[in-house]
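Enquirer: Sharing a structure, written as structure tokens. Questions coming.
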Amino acid sequence: MPDYKQFLSELRKFVAHDRIYTDDLRLLAWGTDAGFYRLLPKIVVRSNGEDEVAQILRLAHSMNVPVTFRAAGTSLSGQAITDSVLVVAGKNWEKYSIGQGAETITLQPGIIGARVNEILAPFGKEFAPDPASKNSAMVGGIVINNASGMSCGTHANSDKILRSMRIVLADGTVLDTGDPESRKQPHNSRFYIISNKNISQKPYSSFGTS
Ligand SMILES: Cc1cc2nc3c(=O)[nH]c(=O)nc-3n(C[C@H](O)[C@H](O)[C@H](O)COP(=O)(O)OP(=O)(O)OC[C@H]3O[C@@H](n4cnc5c(N)ncnc54)[C@H](O)[C@@H]3O)c2cc1C
């Protein structure tokens with residue numbers, strides 16, 4: 001059993017205390033997603049950036065503490081709950097940039113799917129993955145679940161439109177799959193959080209496009 005008291009005390013050294021939740025009410029609230037399972041987390045952290053997440057993961061890794069990430073929590077099969085540490089990457093993760101000619105868009109994982117469509121509308125583009133939950137579901141959760149939808153079928157799921165990702169590994173190092181230098185570095189840990197995604201966008205057709 002990991003030493004959660006010690007983990008919490010170390011966490012409080014670098015994460016603002018008002019973004020760490022340990023009270024019963026909020027642990028109960030964060031203990032469900034849209035599925036029918038319940039797991040009560042021991043600690044919930046509302047993360048606010050890549051460096052901080054890297055630090056959290058380094059600490060968790062060193063203390064053998066399991067970490068689960070969460071975007072909007074609309075998963076239906078318990079993907080976004082844990083009885084250990086829940087790191088929320090929603091608010092504070094809403095930046096984006098549009099590539100040349102709006103052929104690509106780089107998104108942080110806390111942007112709601114429907115909001116991506118609002119951003120792309122002036123360019124005549126659309127975010128291809130369209131789960132029915134897209135008014136709540138966020139880019140991080142949509143991509144990790146490889147969510148599908150009525151229009152995108154499987155041919156325009158996230159895995160078909162994703163160009164690259166920045167991934168914070170369990171040891172706190174960052175792999176940017178779009179950067180050849182980063183790809184050359186040795187990366188042995190399994191991945192945890194996606195902090196930016198570069199997604200290609202094409203005009204939407206009746207079945208979506210990839
Ligand atoms: C009403 C409703 C309708 C739905 N309709 C569809 C549908 O039409 N098609 C379909 O495919 N699915 C559908 N879904 C399920 C759908 O897969 C989820 O809604 C969506 O993919 C989850 O997004 P989220 O932001 O809520 O992610 P969460 O549930 O918070 O997380 C999803 C997964 O991503 C991981 N994760 C989240 N953020 C990160 C991050 N930054 N880094 C690493 N991992 C991360 C979590 O750990 C979890 O494993 C529906 C769900 C609901 C409730």
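Chain identifiers are assigned as A, B, and so on, following the order in which chains appear in the structure tokens; residues are numbered from 1 within each chain, and ligands are numbered from 1 in order of appearance.
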Might you pull out every residue within 10 Å of A:Arg26, with only C-alpha atoms counted and same-chain residues fewer than 6 positions away left off, and present them as a list in words?
Expert: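 So the residues in contact are Leu40, Pro41, Ile43 and Val44 of chain A.
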Enquirer: Within 6 Å of ligand 1 (counting only C-alpha atoms and all ligand atoms), which residues show up? I'd like them as an MDAnalysis selection string.
Expert: chainID A and resid 34 68:76 79:80 89 109 131:133 137:138 140:142 144:145 147:149 192:195
Enquirer: Print the selection's residues with N, CA and C atoms to a file, as a compact mmCIF listing (two decimals), in the first residue's frame.
Expert:
# COMPACT_ATOMS: atom_id res chain seq x y z
N ALA A 34 -19.34 8.90 -15.96
CA ALA A 34 -20.68 8.66 -16.51
C ALA A 34 -21.05 7.17 -16.50
N THR A 68 -4.46 8.28 -12.14
CA THR A 68 -5.42 8.22 -13.26
C THR A 68 -5.73 9.64 -13.68
N PHE A 69 -5.85 9.87 -14.98
CA PHE A 69 -6.18 11.21 -15.46
C PHE A 69 -7.66 11.32 -15.79
N ARG A 70 -8.09 12.56 -15.78
CA ARG A 70 -9.52 12.78 -16.06
C ARG A 70 -9.69 14.07 -16.83
N ALA A 71 -10.55 14.03 -17.83
CA ALA A 71 -10.92 15.24 -18.56
C ALA A 71 -12.31 15.64 -18.07
N ALA A 72 -13.38 15.28 -18.82
CA ALA A 72 -14.73 15.66 -18.38
C ALA A 72 -15.43 14.56 -17.60
N GLY A 73 -14.86 13.36 -17.58
CA GLY A 73 -15.48 12.28 -16.81
C GLY A 73 -16.75 11.73 -17.45
N THR A 74 -16.88 11.80 -18.78
CA THR A 74 -18.08 11.25 -19.42
C THR A 74 -17.86 9.82 -19.94
N SER A 75 -16.75 9.22 -19.56
CA SER A 75 -16.51 7.82 -19.96
C SER A 75 -17.58 6.92 -19.37
N LEU A 76 -17.89 5.86 -20.09
CA LEU A 76 -19.00 5.01 -19.69
C LEU A 76 -18.56 3.71 -19.02
N GLN A 79 -13.32 4.48 -16.95
CA GLN A 79 -11.94 4.87 -17.31
C GLN A 79 -11.43 6.05 -16.49
N ALA A 80 -12.34 6.89 -16.00
CA ALA A 80 -11.91 8.15 -15.38
C ALA A 80 -12.08 8.15 -13.87
N ALA A 89 -7.31 17.12 -15.72
CA ALA A 89 -6.71 18.03 -16.72
C ALA A 89 -7.84 18.58 -17.58
N PRO A 109 -5.56 19.42 -23.78
CA PRO A 109 -6.57 18.37 -23.60
C PRO A 109 -7.85 18.78 -22.88
N PRO A 131 -18.40 12.32 -30.72
CA PRO A 131 -19.23 11.56 -29.78
C PRO A 131 -20.45 12.39 -29.39
N ALA A 132 -21.55 11.71 -29.07
CA ALA A 132 -22.76 12.43 -28.68
C ALA A 132 -22.53 13.25 -27.42
N SER A 133 -21.45 12.98 -26.71
CA SER A 133 -21.11 13.71 -25.48
C SER A 133 -20.26 14.95 -25.76
N ALA A 137 -17.56 16.37 -23.31
CA ALA A 137 -16.30 15.62 -23.43
C ALA A 137 -15.19 16.51 -23.96
N MET A 138 -13.99 16.27 -23.45
CA MET A 138 -12.84 17.12 -23.80
C MET A 138 -11.85 16.36 -24.69
N GLY A 140 -8.74 15.61 -24.49
CA GLY A 140 -7.92 14.56 -23.86
C GLY A 140 -8.67 13.25 -23.75
N GLY A 141 -9.91 13.32 -23.29
CA GLY A 141 -10.71 12.11 -23.11
C GLY A 141 -11.16 11.53 -24.44
N ILE A 142 -11.50 12.40 -25.38
CA ILE A 142 -11.96 11.94 -26.70
C ILE A 142 -10.83 11.18 -27.40
N ILE A 144 -8.00 9.84 -26.00
CA ILE A 144 -7.57 8.62 -25.30
C ILE A 144 -8.58 7.49 -25.49
N ASN A 145 -9.87 7.85 -25.51
CA ASN A 145 -10.88 6.82 -25.76
C ASN A 145 -11.00 6.48 -27.24
N ALA A 147 -12.68 8.17 -29.27
CA ALA A 147 -14.14 8.23 -29.36
C ALA A 147 -14.60 8.34 -30.81
N SER A 148 -15.74 7.73 -31.04
CA SER A 148 -16.34 7.76 -32.37
C SER A 148 -17.64 8.55 -32.30
N GLY A 149 -18.43 8.51 -33.34
CA GLY A 149 -19.69 9.26 -33.33
C GLY A 149 -20.52 8.91 -34.54
N TYR A 192 1.51 8.63 -19.73
CA TYR A 192 0.42 8.99 -18.84
C TYR A 192 -0.46 10.09 -19.39
N ILE A 193 0.10 11.25 -19.61
CA ILE A 193 -0.79 12.36 -19.96
C ILE A 193 -0.42 12.94 -21.31
N ILE A 194 -1.43 13.30 -22.04
CA ILE A 194 -1.20 14.01 -23.28
C ILE A 194 -1.38 15.48 -22.97
N SER A 195 -0.41 16.29 -23.32
CA SER A 195 -0.59 17.70 -22.96
C SER A 195 -0.93 18.56 -24.17
Enquirer: With distances taken over only C-alpha atoms, which of A:Glu52, A:Asp159, A:Asp179, A:Asp3 is nearest to A:Val87?
Expert: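 Looking at the shortest contact to A:Val87, the residue is A:Glu52.
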Enquirer: With only C-alpha atoms as the atoms that count, which of A:Ser136, A:Gln100, A:Asn196, A:Asn157 lies nearest to A:Ala114?
Expert: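 Ranking A:Ser136, A:Gln100, A:Asn196, A:Asn157 by distance to A:Ala114, first place goes to A:Ser136.
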Enquirer: Check the DSSP output for the backbone and give back, as a PyMOL selection string, the residues of stretch 28-200 of chain A in strand (DSSP E).
Expert: chain A and resi 43-46+67-70+85-88+96-98+104-107+162-169+174-176+191-200
Enquirer: Between atom CA of A:Pro2 and atom CA of A:Val65, what is the distance in Å, rounded to a tenth?
Expert: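 Atom-to-atom, atom CA of A:Pro2 to atom CA of A:Val65, that is 5.8 Å.
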Enquirer: Based on the backbone DSSP call, show me all residues of stretch 29-209 of chain A assigned helix (DSSP H, G or I), as a ChimeraX atom specification.
Expert: /A:29,50-62,100-102,113-123,139-144,158-161,180-184
Enquirer: Just give me the gap between atom CA of A:Leu162 and atom CA of A:Phe127 in Å, one decimal is fine.
Expert: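 Distance between the two atoms: 11.0 Å.
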Enquirer: Near A:Leu8, within 10 Å and counting only C-alpha atoms, which residues show up once chain neighbours fewer than 6 positions away are dropped, as a list in words?
Expert: Val15, Ile20, Thr22, Lys42, Ile43 and Val85 of chain A
